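> Shown below is the structure under consideration.
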Amino acid sequence: MAGVARLAGAGVAAGVLVAAIALPAVGGGGAVFVSAAEELDIRPMELKEPSLAQASTVYDARGRQIAQFYDQYRKVVPLSQVSEVMRTAIVAIEDDRFYQHGAIDIEGTIRALAKNLSAGGVSQGGSSITQQYVKQVLLNSATTDADRDKALEASYARKLNELRHALAVEQKYTKDQILEKYLNIVYFGDGANGVEAAARRFFGIPAARLNLAQAATLAGAVQDPNRTDPGRGRKARELLLERRDVVLDRMAQLGRITPEQAAEAKKAKLGYKGVPQPNGCQAGRHPYFCEYVRYELLTNPAFGGTAQIRRQRFTQGGLKIYTTLDPRMQAAADQAIRKRVFASDDAVASQALVQPGTGMIRAMAASRKFGDSVRAKEISYNPVADSRHGGLIGFQAGSTFKTFTLIAALKDGMKLDDGITVGNGYTAPSPSSFRNCEGENMGIPSWTVTNDEGTPGFKTLKTGTWGSVNTFFMSLEQRVGLCETVETAKSLGIRRADGKPLQEYETFTLGINEMDPVTVANAYAAIAARGRYCAPMAITKVTDTATGRTDAYEPSCRQALDAEVADATAEVLTGVFTDGMMRSVGGIGRPAAGKTGTTDGYATAWFAGFTPDLAGAVSIGDPRGSQRHKLAGVTIGGRYFGAVAGASLPGPIWKDTMTAALRDTPARDFTPVNTSRFGGCAASCAPVREEPDEPAVEDPDGLRDELQLDDQLDGGLLGDGLDAGTGAEADGGTGTGPDAGLDDGAR
């Protein structure tokens, strides 16, 4: 070994040459000698260092964590946030001369060489911490199995490349910087990548608080993290405890701690806690809002040009995602739903809260738990959102759509006391009485929409809305135009939950389209904001921890309605609480407006309403299929319902939510109506009869099946998907509709 020692003393190049020539005698034939010698090149070679994959964290509007996402559980921290004893322990056991040598530890390499030659195989490594860091970078950068195998192959070409990279790393960074990078990249076992993740996973504390025994435990885990993974059971924990004691002995041997300190630390138990580190929305505090954020980040080009880029940033980029979620309002929504609808009920109640004038989603709640267990009645989709944000097809919105016809009438110049005399039944005078936005005839003269037990007579925009009279709104939609009503709804962001085009049939005003609470709440928020529509918004800013860059996002708004038209609409909808279907439920102690909605046969029920400061929409239906499993003769929240209408459950849930959510918000009035424009009636207030007083038409023989007028009903009135039903699927939309009396009729 004297010759070897002399060569080693000549410098790094000689040391590498010794290793390159001597070690092949252990592992290969003569061809390897030539190849290794020919490839020997000790010039520094730049190492590409991609950002480390680490967890992305989602925060509410107050900066509290609500969820995290990761492919690799890692939280990158500066060296100053790693306890001094942890730094000492890892250097002592992995590379005790780290601060004295360069890219390669010549003494360590020779020592390993001698040990390997005497053992007749590779029993001891000689890699420095810098070399180990290089290997980890190459391994983490591998995108294919072939790249991964290359990063791990037992070849001198790989070792020489690692050395060349290590030389470049030593030139580029200080020793402390290299140690910081190493501690953040190395795997400790139990799914923990990097020292911060390991400290939290193993002991439930940050790396800055690690004591001697804990630091020695983590330092010992690095050598063979799979074998000593404490999550694998008792035997692995015993091996980890042995490794901890080896580290403590080494630290004492090197004089980094005293023998007494080592002995005292050995008395400590392993102390492994296996602290869960939640990953994904299911483990988060507010799963439905979380799902909305996740889908937004994965599908919106604003967060990355391609789906692959967006996913990689989200699950590996260590993003800090700040959202619009208001924890107080979320708690109000959760509590109001839990009070009236149980997680074990067949029906599901869902609610969204939106801030007028910004589109910021303040809360998303549902009665079921988010998860995959069918037995526990969990749901794995988002019932509060549309399909683009993790939802399915939604529920038909019922008479909440009558508001759009009301708005169209006000836009058309009608005044609040203008009205129409209607009967118990409405039948389109001709197919051309309703035209969709393609100019196609949508009227069905052979089919009658009824009020069931509703009263006929002269109805104004106010009284017709308060009573939610089906025949009045069919007549009103005929007057102002089907397409005009559809376009009004679209201007307020209305689109089907399943992403398909809106069904533009004559019963559009009765809510035949399947919707989600976020979309409906946001449309009503635009009315509250005096016609200012803002796209739904859940994310306010995203900070990329790797680059330090922060992207802030502002509301995307436009004036969708004339402000005075919105004011008049709010005036009419305010009466729903005092003179309409919500009068038995009552108001919330401040100015509020809203509209109930109950679909045909009590398939689903809704309430949508707003104050100047907050809008909300509540839906309830059976996800097994609302047409097959209607809300009649059901028990919900421990209470039996002969039938569930808009004011039966959704209305009270909305009331409880808004009362609590706005408790600390000063009450504000709506802007008064411009009476010179909307007061009184256009000419005289004498009744204008447009429809004869017809009796309700029963449908015992399935008349609707005979009304398949070419394409008018195909996929339209009958709906699509799970909620495909029988006919208009709206409040009293058929000859036997439920639009009767105080229980919200066309609600």
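Residue names in the structure tokens use chain letters A, B, ... in the order shown, residue numbers from 1 in each chain, and ligand numbers from 1 in the order shown.
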From a DSSP calculation on the backbone, collect every residue of segment 63-257 of chain A in alpha helix (DSSP H) and output the set as an NGL selection string.

:A and (84-94 or 106-119 or 129-141 or 145-152 or 156-172 or 175-185 or 195-203 or 212-221 or 234-253)

> Would you save the residues of that selection, restricted to C-alpha atoms, as a CSV table (one decimal), in the first residue's frame?


```csv
chain,number,residue,atom,x,y,z
A,84,GLU,CA,-26.9,22.1,14.8
A,85,VAL,CA,-26.8,18.7,16.2
A,86,MET,CA,-28.5,17.3,13.1
A,87,ARG,CA,-25.8,18.8,10.9
A,88,THR,CA,-23.1,17.4,13.2
A,89,ALA,CA,-24.6,13.9,13.2
A,90,ILE,CA,-25.0,13.6,9.4
A,91,VAL,CA,-21.5,14.8,8.7
A,92,ALA,CA,-20.0,12.5,11.4
A,93,ILE,CA,-21.6,9.3,10.0
A,94,GLU,CA,-21.6,10.1,6.3
A,106,ILE,CA,-8.8,10.7,-0.8
A,107,GLU,CA,-8.2,9.2,2.6
A,108,GLY,CA,-11.8,7.8,2.7
A,109,THR,CA,-11.4,6.4,-0.8
A,110,ILE,CA,-8.2,4.7,0.0
A,111,ARG,CA,-9.6,3.3,3.2
A,112,ALA,CA,-12.6,2.0,1.3
A,113,LEU,CA,-10.3,0.5,-1.3
A,114,ALA,CA,-8.3,-1.3,1.2
A,115,LYS,CA,-11.3,-2.6,2.9
A,116,ASN,CA,-12.9,-3.8,-0.3
A,117,LEU,CA,-9.8,-5.5,-1.5
A,118,SER,CA,-9.3,-7.4,1.8
A,119,ALA,CA,-13.0,-8.4,1.8
A,129,ILE,CA,-21.4,14.1,0.8
A,130,THR,CA,-20.9,16.1,-2.3
A,131,GLN,CA,-20.7,12.9,-4.4
A,132,GLN,CA,-23.8,11.6,-2.7
A,133,TYR,CA,-25.6,14.8,-3.5
A,134,VAL,CA,-24.7,14.4,-7.1
A,135,LYS,CA,-26.0,10.9,-7.2
A,136,GLN,CA,-29.3,12.0,-5.6
A,137,VAL,CA,-29.7,14.8,-8.2
A,138,LEU,CA,-29.1,12.4,-11.0
A,139,LEU,CA,-31.5,9.9,-9.5
A,140,ASN,CA,-34.2,12.5,-8.9
A,141,SER,CA,-33.8,13.9,-12.4
A,145,ASP,CA,-36.5,3.5,-15.8
A,146,ALA,CA,-33.4,3.5,-18.1
A,147,ASP,CA,-32.3,6.9,-16.7
A,148,ARG,CA,-32.9,5.6,-13.2
A,149,ASP,CA,-30.9,2.4,-13.8
A,150,LYS,CA,-28.0,4.5,-15.3
A,151,ALA,CA,-27.9,6.6,-12.2
A,152,LEU,CA,-27.6,3.5,-10.1
A,156,TYR,CA,-16.6,3.3,-13.2
A,157,ALA,CA,-17.9,5.5,-16.0
A,158,ARG,CA,-20.8,6.5,-13.7
A,159,LYS,CA,-18.4,7.1,-10.7
A,160,LEU,CA,-16.1,9.2,-12.9
A,161,ASN,CA,-19.0,11.3,-14.1
A,162,GLU,CA,-20.2,11.8,-10.5
A,163,LEU,CA,-16.7,13.0,-9.6
A,164,ARG,CA,-16.6,15.4,-12.5
A,165,HIS,CA,-20.0,16.8,-11.4
A,166,ALA,CA,-18.8,16.9,-7.8
A,167,LEU,CA,-15.8,19.0,-8.7
A,168,ALA,CA,-18.2,21.5,-10.4
A,169,VAL,CA,-20.5,21.5,-7.4
A,170,GLU,CA,-17.5,22.2,-5.0
A,171,GLN,CA,-16.5,25.1,-7.2
A,172,LYS,CA,-20.0,26.5,-7.4
A,175,LYS,CA,-19.7,23.6,2.0
A,176,ASP,CA,-22.7,24.8,4.0
A,177,GLN,CA,-24.6,25.2,0.8
A,178,ILE,CA,-23.8,21.7,-0.3
A,179,LEU,CA,-24.8,20.3,3.1
A,180,GLU,CA,-28.1,22.2,2.9
A,181,LYS,CA,-28.8,20.8,-0.6
A,182,TYR,CA,-27.9,17.3,0.6
A,183,LEU,CA,-30.1,17.4,3.6
A,184,ASN,CA,-33.0,18.5,1.5
A,185,ILE,CA,-32.7,15.9,-1.2
A,195,VAL,CA,-34.7,16.4,6.7
A,196,GLU,CA,-37.7,18.6,7.3
A,197,ALA,CA,-40.2,16.0,6.1
A,198,ALA,CA,-38.3,13.3,8.0
A,199,ALA,CA,-38.4,15.3,11.3
A,200,ARG,CA,-42.1,15.9,10.9
A,201,ARG,CA,-42.9,12.4,9.8
A,202,PHE,CA,-40.8,10.6,12.4
A,203,PHE,CA,-41.2,12.8,15.4
A,212,LEU,CA,-29.3,14.5,19.8
A,213,ALA,CA,-31.1,11.2,19.9
A,214,GLN,CA,-33.5,12.2,17.1
A,215,ALA,CA,-30.7,13.6,15.0
A,216,ALA,CA,-28.7,10.5,15.3
A,217,THR,CA,-31.7,8.4,14.4
A,218,LEU,CA,-32.3,10.4,11.1
A,219,ALA,CA,-28.6,10.4,10.3
A,220,GLY,CA,-28.5,6.6,10.7
A,221,ALA,CA,-31.5,6.1,8.5
A,234,ARG,CA,-40.8,-3.8,14.7
A,235,LYS,CA,-37.8,-5.4,13.0
A,236,ALA,CA,-37.1,-2.3,10.9
A,237,ARG,CA,-37.4,-0.1,14.0
A,238,GLU,CA,-34.9,-2.3,15.9
A,239,LEU,CA,-32.5,-1.9,13.0
A,240,LEU,CA,-33.0,1.8,13.0
A,241,LEU,CA,-32.3,1.9,16.8
A,242,GLU,CA,-29.1,0.0,16.2
A,243,ARG,CA,-28.1,2.5,13.5
A,244,ARG,CA,-28.8,5.4,15.8
A,245,ASP,CA,-26.4,4.0,18.4
A,246,VAL,CA,-23.7,3.5,15.7
A,247,VAL,CA,-24.1,7.2,14.9
A,248,LEU,CA,-23.8,8.2,18.5
A,249,ASP,CA,-20.7,6.1,19.0
A,250,ARG,CA,-19.1,7.7,15.9
A,251,MET,CA,-19.9,11.2,17.1
A,252,ALA,CA,-18.3,10.4,20.4
A,253,GLN,CA,-15.3,8.8,18.7
```

> Where does DSSP see strand (DSSP E or B) in segment 346-444 of chain A, if you list the residues as number ranges by chain?

A: 348-354, 360-366, 370, 379, 395-396, 419-422, 425-427, 435, 441

> Can you write out the residues you just picked, keeping N, CA and C atoms, as an mmCIF file, in the first residue's frame?


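Dumped to result18.cif:
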```
data_model
loop_
_atom_site.group_PDB
_atom_site.id
_atom_site.type_symbol
_atom_site.label_atom_id
_atom_site.label_comp_id
_atom_site.auth_asym_id
_atom_site.auth_seq_id
_atom_site.Cartn_x
_atom_site.Cartn_y
_atom_site.Cartn_z
ATOM 1 N N VAL A 348 -78.576 14.505 -0.907
ATOM 2 C CA VAL A 348 -77.369 15.283 -0.657
ATOM 3 C C VAL A 348 -77.690 16.767 -0.769
ATOM 4 N N ALA A 349 -77.338 17.510 0.253
ATOM 5 C CA ALA A 349 -77.478 18.964 0.222
ATOM 6 C C ALA A 349 -76.118 19.578 -0.074
ATOM 7 N N SER A 350 -76.089 20.588 -0.944
ATOM 8 C CA SER A 350 -74.845 21.256 -1.324
ATOM 9 C C SER A 350 -75.063 22.761 -1.307
ATOM 10 N N GLN A 351 -74.008 23.486 -0.995
ATOM 11 C CA GLN A 351 -74.142 24.933 -0.893
ATOM 12 C C GLN A 351 -72.854 25.635 -1.292
ATOM 13 N N ALA A 352 -72.996 26.772 -1.983
ATOM 14 C CA ALA A 352 -71.858 27.621 -2.330
ATOM 15 C C ALA A 352 -72.164 29.045 -1.906
ATOM 16 N N LEU A 353 -71.145 29.748 -1.411
ATOM 17 C CA LEU A 353 -71.257 31.157 -1.068
ATOM 18 C C LEU A 353 -70.280 31.941 -1.928
ATOM 19 N N VAL A 354 -70.761 33.046 -2.512
ATOM 20 C CA VAL A 354 -69.953 33.852 -3.426
ATOM 21 C C VAL A 354 -70.065 35.320 -3.041
ATOM 22 N N MET A 360 -65.510 35.930 -5.796
ATOM 23 C CA MET A 360 -64.733 35.078 -4.897
ATOM 24 C C MET A 360 -65.631 34.070 -4.192
ATOM 25 N N ILE A 361 -65.277 32.804 -4.319
ATOM 26 C CA ILE A 361 -66.020 31.733 -3.657
ATOM 27 C C ILE A 361 -65.575 31.697 -2.196
ATOM 28 N N ARG A 362 -66.499 31.953 -1.294
ATOM 29 C CA ARG A 362 -66.163 32.039 0.117
ATOM 30 C C ARG A 362 -66.373 30.726 0.865
ATOM 31 N N ALA A 363 -67.205 29.850 0.328
ATOM 32 C CA ALA A 363 -67.439 28.568 1.001
ATOM 33 C C ALA A 363 -68.067 27.591 0.021
ATOM 34 N N MET A 364 -67.772 26.307 0.220
ATOM 35 C CA MET A 364 -68.399 25.222 -0.522
ATOM 36 C C MET A 364 -68.611 24.077 0.458
ATOM 37 N N ALA A 365 -69.847 23.654 0.605
ATOM 38 C CA ALA A 365 -70.159 22.634 1.609
ATOM 39 C C ALA A 365 -71.150 21.621 1.049
ATOM 40 N N ALA A 366 -71.113 20.420 1.589
ATOM 41 C CA ALA A 366 -72.061 19.374 1.209
ATOM 42 C C ALA A 366 -72.292 18.461 2.407
ATOM 43 N N PHE A 370 -66.466 13.379 1.755
ATOM 44 C CA PHE A 370 -65.751 13.182 0.505
ATOM 45 C C PHE A 370 -64.865 11.948 0.637
ATOM 46 N N ILE A 379 -68.920 10.354 -1.179
ATOM 47 C CA ILE A 379 -68.963 10.653 -2.613
ATOM 48 C C ILE A 379 -67.587 11.137 -3.047
ATOM 49 N N PHE A 395 -78.059 19.155 -10.622
ATOM 50 C CA PHE A 395 -79.502 18.957 -10.474
ATOM 51 C C PHE A 395 -80.241 20.070 -11.205
ATOM 52 N N GLN A 396 -81.431 19.728 -11.731
ATOM 53 C CA GLN A 396 -82.238 20.743 -12.391
ATOM 54 C C GLN A 396 -82.583 21.852 -11.395
ATOM 55 N N GLY A 419 -98.427 43.317 -15.747
ATOM 56 C CA GLY A 419 -98.768 41.932 -15.499
ATOM 57 C C GLY A 419 -99.537 41.278 -16.621
ATOM 58 N N ILE A 420 -99.935 40.052 -16.349
ATOM 59 C CA ILE A 420 -100.651 39.217 -17.312
ATOM 60 C C ILE A 420 -101.705 38.436 -16.543
ATOM 61 N N THR A 421 -102.857 38.290 -17.137
ATOM 62 C CA THR A 421 -103.889 37.434 -16.559
ATOM 63 C C THR A 421 -103.681 36.013 -17.068
ATOM 64 N N VAL A 422 -103.566 35.089 -16.138
ATOM 65 C CA VAL A 422 -103.271 33.704 -16.519
ATOM 66 C C VAL A 422 -104.258 32.760 -15.852
ATOM 67 N N GLY A 425 -103.734 26.662 -16.407
ATOM 68 C CA GLY A 425 -102.925 25.942 -17.375
ATOM 69 C C GLY A 425 -102.420 26.870 -18.459
ATOM 70 N N TYR A 426 -101.250 26.553 -18.967
ATOM 71 C CA TYR A 426 -100.690 27.328 -20.073
ATOM 72 C C TYR A 426 -100.362 26.375 -21.211
ATOM 73 N N THR A 427 -100.804 26.735 -22.425
ATOM 74 C CA THR A 427 -100.488 25.983 -23.630
ATOM 75 C C THR A 427 -99.982 26.955 -24.680
ATOM 76 N N ARG A 435 -89.049 30.611 -29.771
ATOM 77 C CA ARG A 435 -87.960 30.325 -30.694
ATOM 78 C C ARG A 435 -86.644 30.330 -29.918
ATOM 79 N N ASN A 441 -88.426 26.701 -33.877
ATOM 80 C CA ASN A 441 -89.671 26.736 -33.113
ATOM 81 C C ASN A 441 -89.616 25.732 -31.966
#
```

> Compile the contact shell of Thr545 of chain A as a list in words: residues with an atom at most 8 Å away, counting only C-alpha atoms, same-chain residues fewer than 6 positions apart removed.

Gly317, Gly318, Leu319 and Lys320 of chain A

> Just give me the gap between atom CA of Asp326 of chain A and atom CA of Pro276 of chain A in Å, one decimal is fine.

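That distance, rounded to one decimal, is 25.5 Å.
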
> Which is closest to Val449 of chain A among A:Met474, A:Ala643, A:Cys437, A:Met581, if we use only C-alpha atoms?

A:Met474

> So, counting only C-alpha atoms, which residue among A:Gly625, A:Gly587, A:Gly423, A:Gly398 is closest to Lys459 of chain A?

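Closest to Lys459 of chain A, using only C-alpha atoms: A:Gly423.
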
> Return the single residue from A:Arg479, A:Arg310, A:Lys339, A:Lys266 that is closest to Asp412 of chain A, with distances computed using only C-alpha atoms.

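Of A:Arg479, A:Arg310, A:Lys339, A:Lys266, the one nearest Asp412 of chain A, counting only C-alpha atoms, is A:Arg479.
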
> Can you tell me which residues surround Phe404 of chain A at a distance of at most 7 Å, considering only C-alpha atoms, apart from same-chain residues fewer than 4 positions away, and format the answer as a PyMOL selection string?

chain A and resi 408+485+488-489

> Can those selected residues be exported to a file as a PDB file, in the first residue's frame so that it contains N, CA and C atoms?


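As written to disk, again-v5.pdb reads:
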```
ATOM      1  N   ALA A 408     -85.248  39.571 -17.984  1.00  0.00           N
ATOM      2  CA  ALA A 408     -85.488  39.827 -19.411  1.00  0.00           C
ATOM      3  C   ALA A 408     -86.685  40.753 -19.599  1.00  0.00           C
ATOM      4  N   THR A 485     -84.478  35.327 -22.951  1.00  0.00           N
ATOM      5  CA  THR A 485     -84.333  34.794 -21.597  1.00  0.00           C
ATOM      6  C   THR A 485     -83.054  33.969 -21.473  1.00  0.00           C
ATOM      7  N   THR A 488     -80.049  36.230 -21.436  1.00  0.00           N
ATOM      8  CA  THR A 488     -79.933  36.888 -20.132  1.00  0.00           C
ATOM      9  C   THR A 488     -79.251  35.965 -19.133  1.00  0.00           C
ATOM     10  N   ALA A 489     -79.679  34.713 -19.116  1.00  0.00           N
ATOM     11  CA  ALA A 489     -79.057  33.743 -18.206  1.00  0.00           C
ATOM     12  C   ALA A 489     -77.577  33.562 -18.532  1.00  0.00           C
TER      13      ALA A 489
END
```

> Near segment 463-473 of chain A, counting only C-alpha atoms, which residues have an atom at most 6 Å away, once you skip same-chain residues fewer than 3 positions from it, shown as a VMD selection string?

chain A and resid 422 426 451 459 to 460 476 to 477 576 580 746 to 747

> Please identify all polymer residues within 8 Å of Pro383 of chain A, counting only C-alpha atoms, omitting same-chain residues fewer than 4 positions from it, and present them as a PyMOL selection string.

chain A and resi 288+350+366+391-392+394+516

> I want to know what sits within 12 Å of Tyr640 of chain A, based on only C-alpha atoms, with residues of the same chain fewer than 3 positions away left out; could you give that as a VMD selection string?

chain A and resid 340 to 341 345 631 to 637 643 to 644 648 to 649
